[in-house]
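What follows is the content of coords_3.pdb (PDB, C-alpha atoms).
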ATOM      1  CA  MET A  17      13.227 -12.708 -14.933
ATOM      2  CA  GLU A  18      15.542 -13.163 -11.962
ATOM      3  CA  ASN A  19      13.731 -10.311 -10.186
ATOM      4  CA  LYS A  20      10.715 -12.467  -9.382
ATOM      5  CA  LYS A  21      12.761 -15.360  -8.007
ATOM      6  CA  GLN A  22      14.853 -13.048  -5.841
ATOM      7  CA  ILE A  23      11.869 -11.214  -4.375
ATOM      8  CA  PHE A  24      10.075 -14.357  -3.252
ATOM      9  CA  ASP A  25      13.146 -16.339  -2.240
ATOM     10  CA  PHE A  26      14.369 -13.487  -0.041
ATOM     11  CA  ALA A  27      10.883 -12.813   1.333
ATOM     12  CA  ALA A  28      10.586 -16.462   2.344
ATOM     13  CA  GLU A  29      13.980 -16.467   4.022
ATOM     14  CA  VAL A  30      13.173 -13.455   6.197
ATOM     15  CA  GLY A  31       9.537 -14.480   6.737
ATOM     16  CA  LEU A  32       7.956 -11.361   5.237
ATOM     17  CA  THR A  33       4.910 -11.273   2.994
ATOM     18  CA  LYS A  34       2.500  -8.428   2.360
ATOM     19  CA  ASN A  35      -0.829  -7.749   0.754
ATOM     20  CA  LEU A  36      -2.161  -4.504  -0.626
ATOM     21  CA  GLY A  37      -4.360  -2.690   1.865
ATOM     22  CA  GLY A  38      -2.825  -4.454   4.859
ATOM     23  CA  VAL A  39      -4.870  -5.796   7.758
ATOM     24  CA  GLY A  40      -7.792  -3.510   6.946
ATOM     25  CA  ALA A  41      -8.198  -5.107   3.530
ATOM     26  CA  THR A  42      -7.908  -8.572   5.071
ATOM     27  CA  GLU A  43     -10.635  -7.745   7.586
ATOM     28  CA  GLU A  44     -12.898  -6.418   4.842
ATOM     29  CA  LEU A  45     -12.331  -9.544   2.769
ATOM     30  CA  ILE A  46     -13.174 -11.744   5.770
ATOM     31  CA  GLU A  47     -16.361  -9.773   6.461
ATOM     32  CA  LEU A  48     -17.574  -9.960   2.862
ATOM     33  CA  CYS A  49     -16.918 -13.708   2.790
ATOM     34  CA  GLN A  50     -18.857 -14.060   6.058
ATOM     35  CA  ILE A  51     -16.058 -16.009   7.693
ATOM     36  CA  GLY A  52     -16.735 -16.744  11.356
ATOM     37  CA  ASP A  53     -16.666 -19.324  14.147
ATOM     38  CA  GLY A  54     -16.195 -22.895  13.045
ATOM     39  CA  LYS A  55     -15.846 -22.204   9.318
ATOM     40  CA  TYR A  56     -13.385 -24.281   7.300
ATOM     41  CA  MET A  57     -11.493 -22.138   4.810
ATOM     42  CA  LEU A  58      -8.558 -22.013   2.423
ATOM     43  CA  ASP A  59      -5.988 -19.250   1.933
ATOM     44  CA  VAL A  60      -4.286 -19.642  -1.452
ATOM     45  CA  GLY A  61      -0.805 -18.130  -1.592
ATOM     46  CA  CYS A  62      -0.517 -17.874   2.175
ATOM     47  CA  GLY A  63       3.094 -16.695   2.146
ATOM     48  CA  ALA A  64       4.600 -16.737   5.639
ATOM     49  CA  GLY A  65       1.272 -17.743   7.193
ATOM     50  CA  VAL A  66       0.251 -14.410   8.683
ATOM     51  CA  THR A  67      -3.341 -14.350   7.405
ATOM     52  CA  PRO A  68      -4.203 -17.991   8.213
ATOM     53  CA  CYS A  69      -2.926 -17.557  11.765
ATOM     54  CA  PHE A  70      -4.749 -14.241  12.117
ATOM     55  CA  ILE A  71      -8.037 -15.787  10.971
ATOM     56  CA  ALA A  72      -7.654 -18.912  13.109
ATOM     57  CA  LYS A  73      -6.940 -16.838  16.204
ATOM     58  CA  ARG A  74      -9.447 -14.001  15.825
ATOM     59  CA  TYR A  75     -12.302 -15.804  14.084
ATOM     60  CA  ARG A  76     -11.811 -19.285  15.588
ATOM     61  CA  CYS A  77     -11.762 -20.972  12.195
ATOM     62  CA  ARG A  78     -10.023 -24.023  10.831
ATOM     63  CA  VAL A  79      -7.722 -22.801   8.075
ATOM     64  CA  VAL A  80      -5.639 -24.462   5.388
ATOM     65  CA  GLY A  81      -2.923 -22.336   3.809
ATOM     66  CA  VAL A  82      -1.179 -23.281   0.577
ATOM     67  CA  ASP A  83       1.758 -21.704  -1.209
ATOM     68  CA  ILE A  84       3.873 -22.688  -4.182
ATOM     69  CA  SER A  85       7.059 -22.041  -2.177
ATOM     70  CA  ASP A  86       8.408 -24.772   0.116
ATOM     71  CA  ALA A  87      10.297 -22.132   2.094
ATOM     72  CA  MET A  88       7.139 -20.090   2.691
ATOM     73  CA  ILE A  89       5.331 -23.174   3.963
ATOM     74  CA  GLU A  90       8.176 -23.831   6.404
ATOM     75  CA  ARG A  91       7.875 -20.253   7.696
ATOM     76  CA  SER A  92       4.115 -20.704   7.995
ATOM     77  CA  LYS A  93       4.478 -23.860  10.060
ATOM     78  CA  GLU A  94       6.978 -22.120  12.329
ATOM     79  CA  ARG A  95       4.520 -19.263  12.861
ATOM     80  CA  ALA A  96       1.633 -21.592  13.689
ATOM     81  CA  GLN A  97       3.757 -23.426  16.254
ATOM     82  CA  ARG A  98       5.009 -20.169  17.761
ATOM     83  CA  GLU A  99       1.457 -18.825  18.104
ATOM     84  CA  GLY A 100       0.019 -22.066  19.482
ATOM     85  CA  LEU A 101      -2.263 -22.609  16.473
ATOM     86  CA  ALA A 102      -0.958 -25.873  15.061
ATOM     87  CA  ASP A 103      -4.241 -27.615  15.911
ATOM     88  CA  ARG A 104      -6.301 -25.152  13.860
ATOM     89  CA  VAL A 105      -4.022 -24.297  10.928
ATOM     90  CA  GLU A 106      -2.574 -26.630   8.297
ATOM     91  CA  PHE A 107      -0.077 -25.706   5.588
ATOM     92  CA  ARG A 108       0.704 -27.462   2.310
ATOM     93  CA  VAL A 109       2.725 -26.781  -0.838
ATOM     94  CA  ALA A 110       0.359 -26.347  -3.787
ATOM     95  CA  ASP A 111      -0.160 -24.438  -7.034
ATOM     96  CA  ALA A 112      -3.180 -22.115  -7.264
ATOM     97  CA  GLN A 113      -3.855 -23.511 -10.744
ATOM     98  CA  ASP A 114      -4.049 -27.123  -9.524
ATOM     99  CA  LEU A 115      -5.340 -27.340  -5.952
ATOM    100  CA  PRO A 116      -4.975 -30.788  -4.319
ATOM    101  CA  PHE A 117      -8.438 -30.812  -2.741
ATOM    102  CA  GLU A 118     -11.767 -32.464  -3.447
ATOM    103  CA  ASP A 119     -14.731 -30.537  -4.810
ATOM    104  CA  GLU A 120     -16.854 -28.394  -2.460
ATOM    105  CA  LEU A 121     -14.620 -28.789   0.594
ATOM    106  CA  PHE A 122     -14.229 -25.246   1.973
ATOM    107  CA  TYR A 123     -16.765 -22.687   3.110
ATOM    108  CA  ALA A 124     -14.555 -19.902   1.749
ATOM    109  CA  VAL A 125     -11.445 -19.546  -0.396
ATOM    110  CA  ILE A 126      -9.465 -16.296  -0.264
ATOM    111  CA  THR A 127      -6.329 -14.917  -1.902
ATOM    112  CA  GLU A 128      -4.373 -11.736  -1.197
ATOM    113  CA  SER A 129      -2.055 -10.289  -3.845
ATOM    114  CA  VAL A 130      -1.655 -13.759  -5.362
ATOM    115  CA  THR A 131      -3.867 -14.287  -8.414
ATOM    116  CA  ALA A 132      -2.102 -11.502 -10.323
ATOM    117  CA  PHE A 133       0.840 -13.910 -10.731
ATOM    118  CA  PRO A 134      -0.379 -17.210 -12.278
ATOM    119  CA  GLU A 135      -0.180 -17.365 -16.046
ATOM    120  CA  ASP A 136      -3.626 -18.955 -16.296
ATOM    121  CA  LYS A 137      -5.821 -16.821 -14.057
ATOM    122  CA  HIS A 138      -9.016 -18.380 -15.403
ATOM    123  CA  ARG A 139      -7.834 -21.808 -14.318
ATOM    124  CA  ALA A 140      -6.815 -20.525 -10.882
ATOM    125  CA  VAL A 141     -10.171 -18.866 -10.169
ATOM    126  CA  ASP A 142     -12.001 -21.924 -11.519
ATOM    127  CA  GLU A 143     -10.019 -23.995  -9.008
ATOM    128  CA  TYR A 144     -11.016 -21.655  -6.153
ATOM    129  CA  ALA A 145     -14.661 -22.082  -7.111
ATOM    130  CA  ARG A 146     -14.360 -25.852  -7.536
ATOM    131  CA  VAL A 147     -13.169 -26.444  -3.961
ATOM    132  CA  THR A 148     -15.737 -24.029  -2.461
ATOM    133  CA  LYS A 149     -18.996 -25.410  -1.076
ATOM    134  CA  SER A 150     -22.305 -24.431  -2.632
ATOM    135  CA  GLY A 151     -23.387 -21.247  -0.866
ATOM    136  CA  GLY A 152     -19.804 -20.453   0.132
ATOM    137  CA  TYR A 153     -17.568 -17.599  -0.995
ATOM    138  CA  VAL A 154     -14.516 -16.894  -3.119
ATOM    139  CA  GLY A 155     -12.768 -13.647  -2.210
ATOM    140  CA  LEU A 156      -9.815 -11.937  -3.890
ATOM    141  CA  ASN A 157      -7.749  -8.931  -2.854
ATOM    142  CA  GLU A 158      -5.757  -8.171  -5.979
ATOM    143  CA  SER A 159      -3.664  -5.455  -7.621
ATOM    144  CA  THR A 160      -5.783  -3.505 -10.086
ATOM    145  CA  TRP A 161      -5.147  -1.062 -12.891
ATOM    146  CA  LEU A 162      -7.373   1.946 -12.276
ATOM    147  CA  LYS A 163      -6.565   3.473 -15.659
ATOM    148  CA  LEU A 164      -5.213   2.128 -18.946
ATOM    149  CA  PRO A 165      -2.750   2.026 -20.497
ATOM    150  CA  PRO A 166      -0.216   2.290 -17.639
ATOM    151  CA  PRO A 167       2.912   4.224 -18.636
ATOM    152  CA  PRO A 168       6.289   2.433 -18.821
ATOM    153  CA  GLU A 169       7.445   3.744 -15.440
ATOM    154  CA  MET A 170       4.319   2.269 -13.830
ATOM    155  CA  LEU A 171       4.993  -1.149 -15.350
ATOM    156  CA  ALA A 172       8.627  -0.948 -14.245
ATOM    157  CA  TRP A 173       7.579  -0.053 -10.681
ATOM    158  CA  ALA A 174       5.112  -2.955 -10.500
ATOM    159  CA  SER A 175       7.741  -5.376 -11.753
ATOM    160  CA  GLN A 176      10.306  -4.137  -9.212
ATOM    161  CA  ASP A 177       8.038  -3.789  -6.179
ATOM    162  CA  LEU A 178       5.602  -6.670  -6.693
ATOM    163  CA  GLY A 179       7.546  -9.165  -8.794
ATOM    164  CA  ALA A 180       8.488  -9.436 -12.427
ATOM    165  CA  SER A 181       5.694 -11.834 -13.373
ATOM    166  CA  VAL A 182       2.866  -9.780 -11.837
ATOM    167  CA  LYS A 183       0.062  -8.977 -14.259
ATOM    168  CA  PRO A 184      -2.587  -6.776 -12.615
ATOM    169  CA  LEU A 185      -5.989  -6.641 -14.264
ATOM    170  CA  THR A 186      -8.727  -4.023 -14.414
ATOM    171  CA  SER A 187     -11.681  -4.334 -12.060
ATOM    172  CA  ASP A 188     -13.886  -5.453 -14.970
ATOM    173  CA  GLU A 189     -11.423  -8.222 -15.808
ATOM    174  CA  TRP A 190     -11.246  -9.442 -12.205
ATOM    175  CA  GLU A 191     -15.028  -9.401 -11.954
ATOM    176  CA  GLY A 192     -15.215 -11.285 -15.240
ATOM    177  CA  LEU A 193     -13.045 -14.067 -13.837
ATOM    178  CA  LEU A 194     -15.449 -14.556 -10.928
ATOM    179  CA  LYS A 195     -18.455 -14.572 -13.252
ATOM    180  CA  GLY A 196     -16.694 -16.970 -15.587
ATOM    181  CA  ALA A 197     -16.225 -19.384 -12.665
ATOM    182  CA  GLY A 198     -19.986 -19.400 -12.127
ATOM    183  CA  LEU A 199     -20.004 -17.203  -9.039
ATOM    184  CA  LYS A 200     -22.876 -14.819  -8.273
ATOM    185  CA  GLU A 201     -23.810 -11.956  -5.918
ATOM    186  CA  ILE A 202     -20.474 -10.394  -6.826
ATOM    187  CA  VAL A 203     -19.201  -7.480  -4.742
ATOM    188  CA  VAL A 204     -16.431  -5.185  -6.023
ATOM    189  CA  LYS A 205     -14.660  -2.588  -3.883
ATOM    190  CA  ILE A 206     -11.788  -0.579  -5.393
ATOM    191  CA  SER A 207      -9.211   1.397  -3.401
ATOM    192  CA  GLY A 208      -6.151   3.442  -4.246
ATOM    193  CA  ILE A 209      -2.904   2.893  -2.411
ATOM    194  CA  ASN A 210      -0.678   5.146  -0.353
ATOM    195  CA  ILE A 211       2.917   3.993   0.020
ATOM    196  CA  GLY A 212       3.170   5.381   3.566
ATOM    197  CA  ASP A 213      -0.028   3.629   4.613
ATOM    198  CA  GLU A 214       1.186   0.392   3.059
ATOM    199  CA  ALA A 215       4.396   0.549   5.109
ATOM    200  CA  GLY A 216       2.434   1.217   8.294
ATOM    201  CA  GLY A 217       0.147  -1.670   7.447
ATOM    202  CA  ILE A 218       3.090  -4.088   7.470
ATOM    203  CA  LEU A 219       3.887  -3.049  11.058
ATOM    204  CA  ARG A 220       0.283  -3.543  12.119
ATOM    205  CA  ARG A 221       0.213  -6.922  10.389
ATOM    206  CA  TYR A 222       3.348  -8.248  12.084
ATOM    207  CA  GLY A 223       3.501  -6.286  15.348
ATOM    208  CA  TRP A 224       6.723  -4.985  16.865
ATOM    209  CA  GLY A 225       7.977  -8.431  17.867
ATOM    210  CA  GLY A 226       7.358  -9.867  14.436
ATOM    211  CA  MET A 227       8.980  -6.921  12.687
ATOM    212  CA  LEU A 228      12.071  -7.146  14.889
ATOM    213  CA  ARG A 229      12.349 -10.816  13.932
ATOM    214  CA  VAL A 230      12.061  -9.908  10.232
ATOM    215  CA  VAL A 231      14.625  -7.088  10.508
ATOM    216  CA  TRP A 232      17.086  -9.383  12.300
ATOM    217  CA  ARG A 233      16.747 -11.975   9.541
ATOM    218  CA  MET A 234      17.219  -9.268   6.900
ATOM    219  CA  LEU A 235      20.421  -8.020   8.541
ATOM    220  CA  SER A 236      21.734 -11.550   8.876
ATOM    221  CA  LEU A 237      20.924 -12.308   5.222
ATOM    222  CA  TYR A 238      22.511  -9.043   4.103
ATOM    223  CA  ALA A 239      25.701  -9.882   5.980
ATOM    224  CA  ARG A 240      26.150 -13.385   4.577
ATOM    225  CA  ASN A 241      24.549 -13.319   1.117
ATOM    226  CA  PRO A 242      26.155 -11.299  -1.718
ATOM    227  CA  ALA A 243      23.125 -11.869  -3.971
ATOM    228  CA  PHE A 244      20.863 -10.253  -1.387
ATOM    229  CA  ARG A 245      23.191  -7.255  -1.072
ATOM    230  CA  LYS A 246      23.116  -6.851  -4.858
ATOM    231  CA  PHE A 247      19.323  -7.140  -4.852
ATOM    232  CA  VAL A 248      18.939  -4.446  -2.159
ATOM    233  CA  LYS A 249      21.239  -2.125  -4.113
ATOM    234  CA  GLU A 250      19.187  -2.597  -7.282
ATOM    235  CA  VAL A 251      15.936  -1.935  -5.430
ATOM    236  CA  ARG A 252      17.336   1.304  -4.029
ATOM    237  CA  GLN A 253      18.452   2.405  -7.481
ATOM    238  CA  ASP A 254      15.393   1.349  -9.475
ATOM    239  CA  GLY A 255      12.573   1.339  -6.941
ATOM    240  CA  VAL A 256      11.454   4.960  -7.289
ATOM    241  CA  THR A 257       7.717   5.249  -6.790
ATOM    242  CA  PRO A 258       6.028   7.030  -9.727
ATOM    243  CA  GLU A 259       4.476  10.359  -8.720
ATOM    244  CA  ASN A 260       1.152   9.497 -10.344
ATOM    245  CA  LEU A 261       0.939   5.977  -8.915
ATOM    246  CA  ASP A 262      -2.466   6.546  -7.299
ATOM    247  CA  GLU A 263      -3.890   7.584 -10.672
ATOM    248  CA  TYR A 264      -3.137   4.252 -12.321
ATOM    249  CA  PHE A 265      -2.672   1.614  -9.653
ATOM    250  CA  GLY A 266      -4.669   0.342  -6.694
ATOM    251  CA  TYR A 267      -6.244  -2.802  -5.383
ATOM    252  CA  GLY A 268      -9.662  -4.327  -5.446
ATOM    253  CA  ILE A 269     -11.609  -6.666  -3.220
ATOM    254  CA  TYR A 270     -13.696  -9.026  -5.333
ATOM    255  CA  VAL A 271     -16.072 -11.483  -3.703
ATOM    256  CA  GLY A 272     -18.508 -13.929  -5.281
ATOM    257  CA  ARG A 273     -20.850 -16.567  -3.890
ATOM    258  CA  LYS A 274     -21.077 -20.086  -5.271
TER     259      LYS A 274
END
Take the structure in the file and give it back as structure tokens.
Amino acid sequence: MENKKQIFDFAAEVGLTKNLGGVGATEELIELCQIGDGKYMLDVGCGAGVTPCFIAKRYRCRVVGVDISDAMIERSKERAQREGLADRVEFRVADAQDLPFEDELFYAVITESVTAFPEDKHRAVDEYARVTKSGGYVGLNESTWLKLPPPPEMLAWASQDLGASVKPLTSDEWEGLLKGAGLKEIVVKISGINIGDEAGGILRRYGWGGMLRVVWRMLSLYARNPAFRKFVKEVRQDGVTPENLDEYFGYGIYVGRK
């Protein structure tokens, strides 16, 4: 569907990516993966580079970020240069289902709101495990169905807000992917979402300066791009949040050790 392409193309152009649970979920994922000083890690689906730069700066790690979008990788490189982190962060175009790295290279591999998209999730998680060192961690923060089956309006909301190709799983299914990749000591933490909290989390993630930069790019894109104006109109018309969203939809943090 065109919806998916528009969401990610426009997000790349304005430099905006988000993950469920915001910075708090990222911090929890980092803690569970025991990421700290000097660790070498991979962020799959890094988007505009916010998480890799955050980890490199706060936790003094060496970080590689990969994304399937060339435009996102360009935004990531711009961010690393702007924040003075180019010596600690590297960005490359890559597919989660076919990572261009040798076996057992990284201490930890993380993804945030990414693995719900690939068609072959088993292959993607197997790839995360393959490039993780023995004793290291694979950590996912992923959209999760809390209750099945989701009603049609819930599926429509997920397609509109997250992207047409998104396919959330249940917590048991996510855990099963980690087990199937040979990971152990698996930790699962499930949370509901609050739309207001999610919006506030974006501000915390980017800061006022970063958000002003994003808003300026959005206004500029809106002014010059008819397709973006049409997309915004459709989102306003169709993007009504279901009243019972928190009953069916949330996110989970899933961490396993190799």
key: For Tyr144 in chain A, the nearest of the candidates A:Ser92, A:Ser129, A:Thr160, A:Gln113, counting only C-alpha atoms   =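 Closest to Tyr144 in chain A of all the choices is A:Gln113.
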Matched chain/residue IDs from the PyMOL selection byres ((chain A and resi 199) around 6), as a compact mmCIF listing (two decimals) with C-alpha atoms, keeping the file's coordinate frame:
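To be explicit, this is the file written out as out-v6.txt:
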# COMPACT_ATOMS: atom_id res chain seq x y z
CA LEU A 194 -15.45 -14.56 -10.93
CA LYS A 195 -18.45 -14.57 -13.25
CA ALA A 197 -16.23 -19.38 -12.66
CA GLY A 198 -19.99 -19.40 -12.13
CA LYS A 200 -22.88 -14.82 -8.27
CA GLY A 272 -18.51 -13.93 -5.28
CA ARG A 273 -20.85 -16.57 -3.89
CA LYS A 274 -21.08 -20.09 -5.27
ask   = So what do you get for CA of Ile84 in chain A versus CA of Glu201 in chain A, distance-wise?
value =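 Answer for the CA of Ile84 in chain A to CA of Glu201 in chain A separation: 29.7 Å.
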request  = Find the residues around range 73-82 of chain A up to 6 Å (all atoms listed in the file counted), leave out those fewer than 2 positions away in its own chain, and share them as a count of residues only.
outcome  = 21
task = Rounded to one decimal place, report the CA of Met88 in chain A-CA of Thr67 in chain A distance in Å.
result =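 Calculated distance between CA of Met88 in chain A and CA of Thr67 in chain A is 12.8 Å.
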task = To one decimal in Å, tell me the separation between CA of His138 in chain A and CA of Asp262 in chain A.
result =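 So the answer is 27.0 Å.
Run against this file, the PyMOL selection byres ((chain A and resi 158) around 7) gives back Glu128, Ser129, Val130, Thr131, Ala132, Leu156, Asn157, Ser159, Thr160, Tyr267, Gly268 and Ile269 of chain A.
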Let me see the file: selected residues, C-alpha atoms, as a tab-separated table (two decimals), in the frame of the given file.
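Contents of selection-v3.tsv, freshly written:
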chain	number	residue	atom	x	y	z
A	128	GLU	CA	-4.37	-11.74	-1.20
A	129	SER	CA	-2.06	-10.29	-3.84
A	130	VAL	CA	-1.66	-13.76	-5.36
A	131	THR	CA	-3.87	-14.29	-8.41
A	132	ALA	CA	-2.10	-11.50	-10.32
A	156	LEU	CA	-9.82	-11.94	-3.89
A	157	ASN	CA	-7.75	-8.93	-2.85
A	159	SER	CA	-3.66	-5.46	-7.62
A	160	THR	CA	-5.78	-3.50	-10.09
A	267	TYR	CA	-6.24	-2.80	-5.38
A	268	GLY	CA	-9.66	-4.33	-5.45
A	269	ILE	CA	-11.61	-6.67	-3.22
Residue contacts of Glu118 in chain A (9 Å, only C-alpha atoms) excluding same-chain residues fewer than 3 positions away, as a PDB file with C-alpha atoms, in the frame of the given file:
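Contents of the output file part_25.pdb:
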ATOM      1  CA  LEU A 115      -5.340 -27.340  -5.952  1.00  0.00           C
ATOM      2  CA  LEU A 121     -14.620 -28.789   0.594  1.00  0.00           C
ATOM      3  CA  ARG A 146     -14.360 -25.852  -7.536  1.00  0.00           C
ATOM      4  CA  VAL A 147     -13.169 -26.444  -3.961  1.00  0.00           C
TER       5      VAL A 147
END
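Applied to this file, the PyMOL selection byres ((chain A and resi 94-99) around 8) selects A:Ala64, A:Gly65, A:Val66, A:Cys69, A:Glu90, A:Arg91, A:Ser92, A:Lys93, A:Gly100, A:Leu101, A:Ala102, A:Val105.
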query = Out of A:Ile51, A:Ile89, A:Val182, A:Leu261, which residue has the shortest atom-to-atom distance to Leu162 in chain A when counting all atoms listed in the file?
reply =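 So, comparing all the options, the nearest one is A:Leu261.
You can rank A:Met170, A:Val39, A:Leu193, A:Val203 by their closest distance to Pro258 in chain A using only C-alpha atoms, and at the top of that list sits A:Met170.
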Residues near Lys149 in chain A, cut-off 10 Å, all atoms listed in the file, skip fewer than 5 positions along chain, as JSON, numbers by chain = {"A": [119, 120, 121, 122, 123, 124, 125, 154, 273, 274]}
inquiry  = Given only C-alpha atoms as the basis, pick out the residue of A:Pro184, A:Pro242, A:Gly40, A:Gly208 nearest to Lys137 in chain A.
reply    =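 Using only C-alpha atoms, Lys137 in chain A sits closest to A:Pro184.
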ask   = Restricting the calculation to only C-alpha atoms, which member of A:Ser150, A:Ser236, A:Asn35, A:Asn241 is positioned closest to Thr127 in chain A?
value =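 Answer, going by the shortest atom-to-atom distance: A:Asn35.
Of the listed residues A:Leu235, A:Ala140, A:Leu228, A:Thr257, the one whose atoms come nearest to Ala172 in chain A is A:Thr257, with distances taken using all atoms listed in the file.
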